[in-house]
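Q: Below is a structure I'd like to ask you about.
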Amino acid sequence: MNATQRAQAVRPERAERRPPAGDAGRPGASGERVSPDSQPDLAKLLNVDEMEAVAKAKLPIGSYAYVASGAGAEVTMRANRTAFGRWVFRPRVLVNVKDRDLSTTVLGTKVSMPVLIAPYALQCLLDPEGEVATARAAGAAGTVMALSMGSTRTIEDVGAAATGPLWFQPYLFDDLGIVRDAVARAEAARYASICLTCDSPALGYREAQTRWPHQLPEGVGWANMPLEGGRPRWLSGASWTWETLDAVRRTTKLPIVLKGILTAEDAALAVEHGAAAIVVSNHGGRQLDGSIASLDALPEIVDAVGGRMEVLLDGGIRRGTDVLTALALGARAVLIGRAAAWGLAVAGQAGVERVLELLRDELSTSMAIVGARSLADVTREHVARTAA
Ligand SMILES: Cc1cc2nc3c(=O)[nH]c(=O)nc-3n(C[C@H](O)[C@H](O)[C@H](O)COP(=O)(O)O)c2cc1C
């Protein structure tokens, strides 16, 4: 079955997860009404925003708000998107772009395209298969999926189901034993690297999630978190320092990716402390409202790193042209959070595959027109900053 056929297959589990009455039948892509149980024709969804519109119509309001919202007044979340609008392309013509190659390597792992799936929690809110469906989609597309420790499927289940490379993202518990155990489980399940998200010494101030709390479906829970009274023993990692990172790094053979770097100073420290890569990220605008947009932070970080480790970016990627802009500014690859989530909500594995396909197609076309045959051909000369 291809992605579209899988999306059209009947999925009875959906019936019990309707949005509240007031939310059913909201306008979807192109303004048509979308029934929460209908399976849209994925081939007709031509971009991530259309995918989100269908997801919004299908999901309970709490699940939608969990994914869509950011911290505070959501200024940073919006800034992640608008930052892309400040860059324009400088296409070069009469370049042979007949056979384009979108593949690259990330930490030595070959990927078919420079788009990876960011770690994000509670995927069974969006689809009964949750993280397993996302892992299969990433594998089918030939790219990496990062699994959040806040997942609704176990490290081992996702490891067994995956057909491509996985990263594991542990939360930073003050009790290092919890982190070490989780990392050891990921190592045993053959994950390729450890992605430490270091931007969350406290959980962001998220009003929408308080206003519209999400509810996990019956039988679904936190699969990897230490629980206290049925609730996750919440992370803080508020006591973590660069030395804590050193201590964790010594306990694993796997390369460490540091996610949540926004300054040249911290990028330089990440190199010093042996990170193999960083993700320039503000957590999709979910942590500190008013933080710099990821794309705005990228150029100074790339300059500070000077090729000493790989620099990736996430935040606001919705189009193939966004990927191209990030690559031109020096990112080796990007990660998608919400874009993958909308695909998962619309049609499970097939929906995530469709999102990756859309990004791949638009990136490939855009590379041709900008005059780049491979990712190595994409340079800063391909973009210019506008006055706005
Ligand atoms: C619903 C949701 C849950 C998330 N959960 C986590 C998480 O558990 N760990 C983590 O490191 N980042 C988490 N993130 C942040 C993503 O990894 C990523 O940084 C962000 O989504 C990128 O921005 P984008 O959504 O605009 O692509 C989450 C993001 C979303 C949308």
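If you're wondering about the labels, chains in the structure tokens are A, B, ... by order shown, residues count from 1 in each chain, ligands from 1 in order shown.
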Using only C-alpha atoms and all ligand atoms, find each residue with an atom at most 6 Å away from ligand 1 and format the answer as a ChimeraX atom specification.

A: /A:66-67,118-121,148,150,197,281,283-284,314-317,336-338

Q: Mind dumping the selected residues with C-alpha atoms as a PDB file, in the first residue's frame?

A:
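This is the output file out-v1.pdb:
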ATOM      1  CA  TYR A  66      -1.476  20.717  22.896  1.00  0.00           C
ATOM      2  CA  VAL A  67       0.255  20.671  19.525  1.00  0.00           C
ATOM      3  CA  ALA A 118      11.834  16.201  16.080  1.00  0.00           C
ATOM      4  CA  PRO A 119      11.145  14.557  19.439  1.00  0.00           C
ATOM      5  CA  TYR A 120       7.650  15.374  20.589  1.00  0.00           C
ATOM      6  CA  ALA A 121       5.647  13.839  23.390  1.00  0.00           C
ATOM      7  CA  SER A 148      10.835  11.834  23.192  1.00  0.00           C
ATOM      8  CA  GLY A 150       7.547  11.670  27.017  1.00  0.00           C
ATOM      9  CA  THR A 197      17.053  18.924  25.171  1.00  0.00           C
ATOM     10  CA  SER A 281      15.853  25.524  18.604  1.00  0.00           C
ATOM     11  CA  HIS A 283      11.337  24.308  21.364  1.00  0.00           C
ATOM     12  CA  GLY A 284       8.858  25.512  18.758  1.00  0.00           C
ATOM     13  CA  ASP A 314      14.078  23.349  14.094  1.00  0.00           C
ATOM     14  CA  GLY A 315      11.184  25.754  14.525  1.00  0.00           C
ATOM     15  CA  GLY A 316       8.653  26.918  11.960  1.00  0.00           C
ATOM     16  CA  ILE A 317       9.549  24.551   9.124  1.00  0.00           C
ATOM     17  CA  ILE A 336       9.969  19.122  12.029  1.00  0.00           C
ATOM     18  CA  GLY A 337       7.677  18.979  15.039  1.00  0.00           C
ATOM     19  CA  ARG A 338       4.184  20.262  14.355  1.00  0.00           C
TER      20      ARG A 338
END

Q: For Ala140 in chain A, work out the shell of residues within 12 Å, counting only C-alpha atoms and skipping chain neighbours fewer than 6 positions away, then give it as a PDB file with N, CA and C atoms, in the first residue's frame.

A:
ATOM      1  N   MET A   1       0.836  -1.209   0.000  1.00  0.00           N
ATOM      2  CA  MET A   1       0.000   0.000   0.000  1.00  0.00           C
ATOM      3  C   MET A   1       0.865   1.250   0.000  1.00  0.00           C
ATOM      4  N   ASN A   2       0.498   2.206  -0.828  1.00  0.00           N
ATOM      5  CA  ASN A   2       1.238   3.460  -0.751  1.00  0.00           C
ATOM      6  C   ASN A   2       0.617   4.380   0.292  1.00  0.00           C
ATOM      7  N   ALA A   3       1.222   5.560   0.463  1.00  0.00           N
ATOM      8  CA  ALA A   3       0.799   6.467   1.544  1.00  0.00           C
ATOM      9  C   ALA A   3      -0.682   6.828   1.415  1.00  0.00           C
ATOM     10  N   VAL A 111      20.834   9.897   5.312  1.00  0.00           N
ATOM     11  CA  VAL A 111      19.396  10.194   5.244  1.00  0.00           C
ATOM     12  C   VAL A 111      19.068  10.610   3.820  1.00  0.00           C
ATOM     13  N   SER A 112      17.856  10.279   3.378  1.00  0.00           N
ATOM     14  CA  SER A 112      17.499  10.536   1.983  1.00  0.00           C
ATOM     15  C   SER A 112      17.162  11.996   1.739  1.00  0.00           C
ATOM     16  N   MET A 113      16.921  12.723   2.812  1.00  0.00           N
ATOM     17  CA  MET A 113      16.575  14.142   2.703  1.00  0.00           C
ATOM     18  C   MET A 113      16.975  14.827   4.009  1.00  0.00           C
ATOM     19  N   ALA A 133       3.886   4.721  14.578  1.00  0.00           N
ATOM     20  CA  ALA A 133       3.508   5.154  13.226  1.00  0.00           C
ATOM     21  C   ALA A 133       4.515   6.171  12.693  1.00  0.00           C
ATOM     22  N   THR A 134       4.924   7.090  13.551  1.00  0.00           N
ATOM     23  CA  THR A 134       5.890   8.110  13.110  1.00  0.00           C
ATOM     24  C   THR A 134       7.224   7.467  12.746  1.00  0.00           C
ATOM     25  N   ALA A 161       9.815  -1.500  16.015  1.00  0.00           N
ATOM     26  CA  ALA A 161       8.978  -1.206  14.847  1.00  0.00           C
ATOM     27  C   ALA A 161       9.709  -0.390  13.791  1.00  0.00           C
ATOM     28  N   ALA A 162      10.734   0.325  14.224  1.00  0.00           N
ATOM     29  CA  ALA A 162      11.378   1.280  13.316  1.00  0.00           C
ATOM     30  C   ALA A 162      12.082   0.566  12.170  1.00  0.00           C
ATOM     31  N   THR A 163      12.032   1.196  11.012  1.00  0.00           N
ATOM     32  CA  THR A 163      12.750   0.661   9.856  1.00  0.00           C
ATOM     33  C   THR A 163      13.895   1.591   9.466  1.00  0.00           C
ATOM     34  N   GLY A 164      14.069   2.645  10.241  1.00  0.00           N
ATOM     35  CA  GLY A 164      15.162   3.591   9.978  1.00  0.00           C
ATOM     36  C   GLY A 164      15.829   3.980  11.287  1.00  0.00           C
ATOM     37  N   PRO A 165      16.809   4.854  11.205  1.00  0.00           N
ATOM     38  CA  PRO A 165      17.558   5.244  12.403  1.00  0.00           C
ATOM     39  C   PRO A 165      16.737   6.070  13.382  1.00  0.00           C
ATOM     40  N   GLN A 349       0.579   6.872  10.019  1.00  0.00           N
ATOM     41  CA  GLN A 349       1.835   6.734   9.281  1.00  0.00           C
ATOM     42  C   GLN A 349       1.755   7.374   7.889  1.00  0.00           C
ATOM     43  N   ALA A 350       0.646   7.120   7.189  1.00  0.00           N
ATOM     44  CA  ALA A 350       0.526   7.645   5.822  1.00  0.00           C
ATOM     45  C   ALA A 350       0.524   9.170   5.817  1.00  0.00           C
ATOM     46  N   VAL A 352       2.097  11.154   7.989  1.00  0.00           N
ATOM     47  CA  VAL A 352       3.468  11.641   8.212  1.00  0.00           C
ATOM     48  C   VAL A 352       4.279  11.458   6.919  1.00  0.00           C
ATOM     49  N   GLU A 353       4.059  10.321   6.264  1.00  0.00           N
ATOM     50  CA  GLU A 353       4.762  10.101   4.988  1.00  0.00           C
ATOM     51  C   GLU A 353       4.400  11.187   3.979  1.00  0.00           C
ATOM     52  N   ARG A 354       3.116  11.562   3.969  1.00  0.00           N
ATOM     53  CA  ARG A 354       2.685  12.592   3.019  1.00  0.00           C
ATOM     54  C   ARG A 354       3.363  13.935   3.314  1.00  0.00           C
ATOM     55  N   LEU A 356       6.266  14.387   4.718  1.00  0.00           N
ATOM     56  CA  LEU A 356       7.669  14.298   4.297  1.00  0.00           C
ATOM     57  C   LEU A 356       7.786  14.360   2.778  1.00  0.00           C
ATOM     58  N   GLU A 357       6.804  13.746   2.101  1.00  0.00           N
ATOM     59  CA  GLU A 357       6.801  13.770   0.635  1.00  0.00           C
ATOM     60  C   GLU A 357       6.617  15.205   0.124  1.00  0.00           C
TER      61      GLU A 357
END

Q: Applying 8 Å and only C-alpha atoms, which residues near range 288-298 of chain A remain after dropping the ones on its own chain fewer than 3 positions away? List them as a ChimeraX atom specification.

A: /A:70-77,79-80,83-84,204-205,262-263,280-282,285,301-302,313-315,326,329-331

Q: Using backbone DSSP assignments, extract all helix (DSSP H, G or I) residues from range 63-182 of chain A; output them as a PyMOL selection string.

A: chain A and resi 63-68+75-86+123-125+131-141+155-161+176-182

Q: Keeping only C-alpha atoms, take the residues you just selected and write them out as a PDB file, in the first residue's frame.

A:
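Once everything was written out, this is out17.pdb:
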ATOM      1  CA  SER A  63      -5.207  17.559  21.593  1.00  0.00           C
ATOM      2  CA  TYR A  64      -5.209  20.267  18.948  1.00  0.00           C
ATOM      3  CA  ALA A  65      -4.245  22.931  21.490  1.00  0.00           C
ATOM      4  CA  TYR A  66      -1.476  20.717  22.896  1.00  0.00           C
ATOM      5  CA  VAL A  67       0.255  20.671  19.525  1.00  0.00           C
ATOM      6  CA  ALA A  68      -0.664  24.066  18.117  1.00  0.00           C
ATOM      7  CA  VAL A  75       5.254  35.764  19.966  1.00  0.00           C
ATOM      8  CA  THR A  76       8.241  33.425  19.527  1.00  0.00           C
ATOM      9  CA  MET A  77       6.136  30.682  18.002  1.00  0.00           C
ATOM     10  CA  ARG A  78       4.944  33.123  15.339  1.00  0.00           C
ATOM     11  CA  ALA A  79       8.434  34.619  14.974  1.00  0.00           C
ATOM     12  CA  ASN A  80       9.760  31.173  14.018  1.00  0.00           C
ATOM     13  CA  ARG A  81       7.563  31.401  10.923  1.00  0.00           C
ATOM     14  CA  THR A  82       7.945  35.072  10.055  1.00  0.00           C
ATOM     15  CA  ALA A  83      11.751  34.847  10.266  1.00  0.00           C
ATOM     16  CA  PHE A  84      11.722  32.867   7.011  1.00  0.00           C
ATOM     17  CA  GLY A  85       9.973  35.783   5.270  1.00  0.00           C
ATOM     18  CA  ARG A  86      12.985  38.021   5.879  1.00  0.00           C
ATOM     19  CA  GLN A 123       1.780  11.051  20.020  1.00  0.00           C
ATOM     20  CA  CYS A 124      -1.057   8.655  20.892  1.00  0.00           C
ATOM     21  CA  LEU A 125      -3.138  11.797  21.435  1.00  0.00           C
ATOM     22  CA  GLU A 131       5.268   7.082  17.942  1.00  0.00           C
ATOM     23  CA  VAL A 132       5.349   3.688  16.227  1.00  0.00           C
ATOM     24  CA  ALA A 133       3.508   5.154  13.226  1.00  0.00           C
ATOM     25  CA  THR A 134       5.890   8.110  13.110  1.00  0.00           C
ATOM     26  CA  ALA A 135       8.941   5.855  13.286  1.00  0.00           C
ATOM     27  CA  ARG A 136       7.645   3.722  10.407  1.00  0.00           C
ATOM     28  CA  ALA A 137       6.963   6.839   8.335  1.00  0.00           C
ATOM     29  CA  ALA A 138      10.451   8.190   8.990  1.00  0.00           C
ATOM     30  CA  GLY A 139      11.946   4.832   8.018  1.00  0.00           C
ATOM     31  CA  ALA A 140       9.862   4.676   4.835  1.00  0.00           C
ATOM     32  CA  ALA A 141      11.099   8.144   3.906  1.00  0.00           C
ATOM     33  CA  ILE A 155      11.590   2.913  23.816  1.00  0.00           C
ATOM     34  CA  GLU A 156      11.687  -0.803  22.974  1.00  0.00           C
ATOM     35  CA  ASP A 157       8.392  -0.885  21.009  1.00  0.00           C
ATOM     36  CA  VAL A 158       9.482   1.988  18.823  1.00  0.00           C
ATOM     37  CA  GLY A 159      12.944   0.454  18.434  1.00  0.00           C
ATOM     38  CA  ALA A 160      11.422  -2.826  17.273  1.00  0.00           C
ATOM     39  CA  ALA A 161       8.978  -1.206  14.847  1.00  0.00           C
ATOM     40  CA  LEU A 176      20.967  11.187  37.020  1.00  0.00           C
ATOM     41  CA  GLY A 177      20.172   7.530  37.630  1.00  0.00           C
ATOM     42  CA  ILE A 178      16.871   7.979  35.748  1.00  0.00           C
ATOM     43  CA  VAL A 179      18.675   9.526  32.799  1.00  0.00           C
ATOM     44  CA  ARG A 180      21.363   6.828  32.763  1.00  0.00           C
ATOM     45  CA  ASP A 181      18.755   4.046  32.839  1.00  0.00           C
ATOM     46  CA  ALA A 182      16.794   5.567  29.984  1.00  0.00           C
TER      47      ALA A 182
END

Q: I'd like to know which of A:Val271, A:Ala57, A:Leu254, A:Leu216 is closest to Glu187 in chain A, using only C-alpha atoms.

A: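 Of A:Val271, A:Ala57, A:Leu254, A:Leu216, the one nearest Glu187 in chain A is A:Leu254, counting only C-alpha atoms.
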
Q: So that I can check the secondary structure, give me every residue of range 161-268 of chain A assigned strand (DSSP E) by backbone DSSP, as a list in words.

A: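 Here is the list: Leu166, Trp167, Phe168, Gln169, Ser193, Ile194, Cys195, Leu196, Thr197, Leu227, Glu228, Arg231, Pro232, Ile256, Val257, Leu258, Lys259, Gly260 and Ile261 of chain A.
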
Q: Counting only C-alpha atoms, which residue out of A:Thr365, A:Thr105, A:Asn47, A:Ser193 sits closest to Gly142 in chain A?

A: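 Closest candidate: A:Thr105.
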
Q: Nearest residue to Asp266 in chain A out of A:Leu147, A:Leu227, A:Val305, A:Val97, using only C-alpha atoms?

A: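 Using only C-alpha atoms, Asp266 in chain A sits closest to A:Val305.
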
Q: Nearest to Arg380 in chain A: which of A:Arg90, A:Lys44, A:Arg250, A:Arg318 is it, counting only C-alpha atoms?

A: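 Result for the nearest residue to Arg380 in chain A: A:Arg90.
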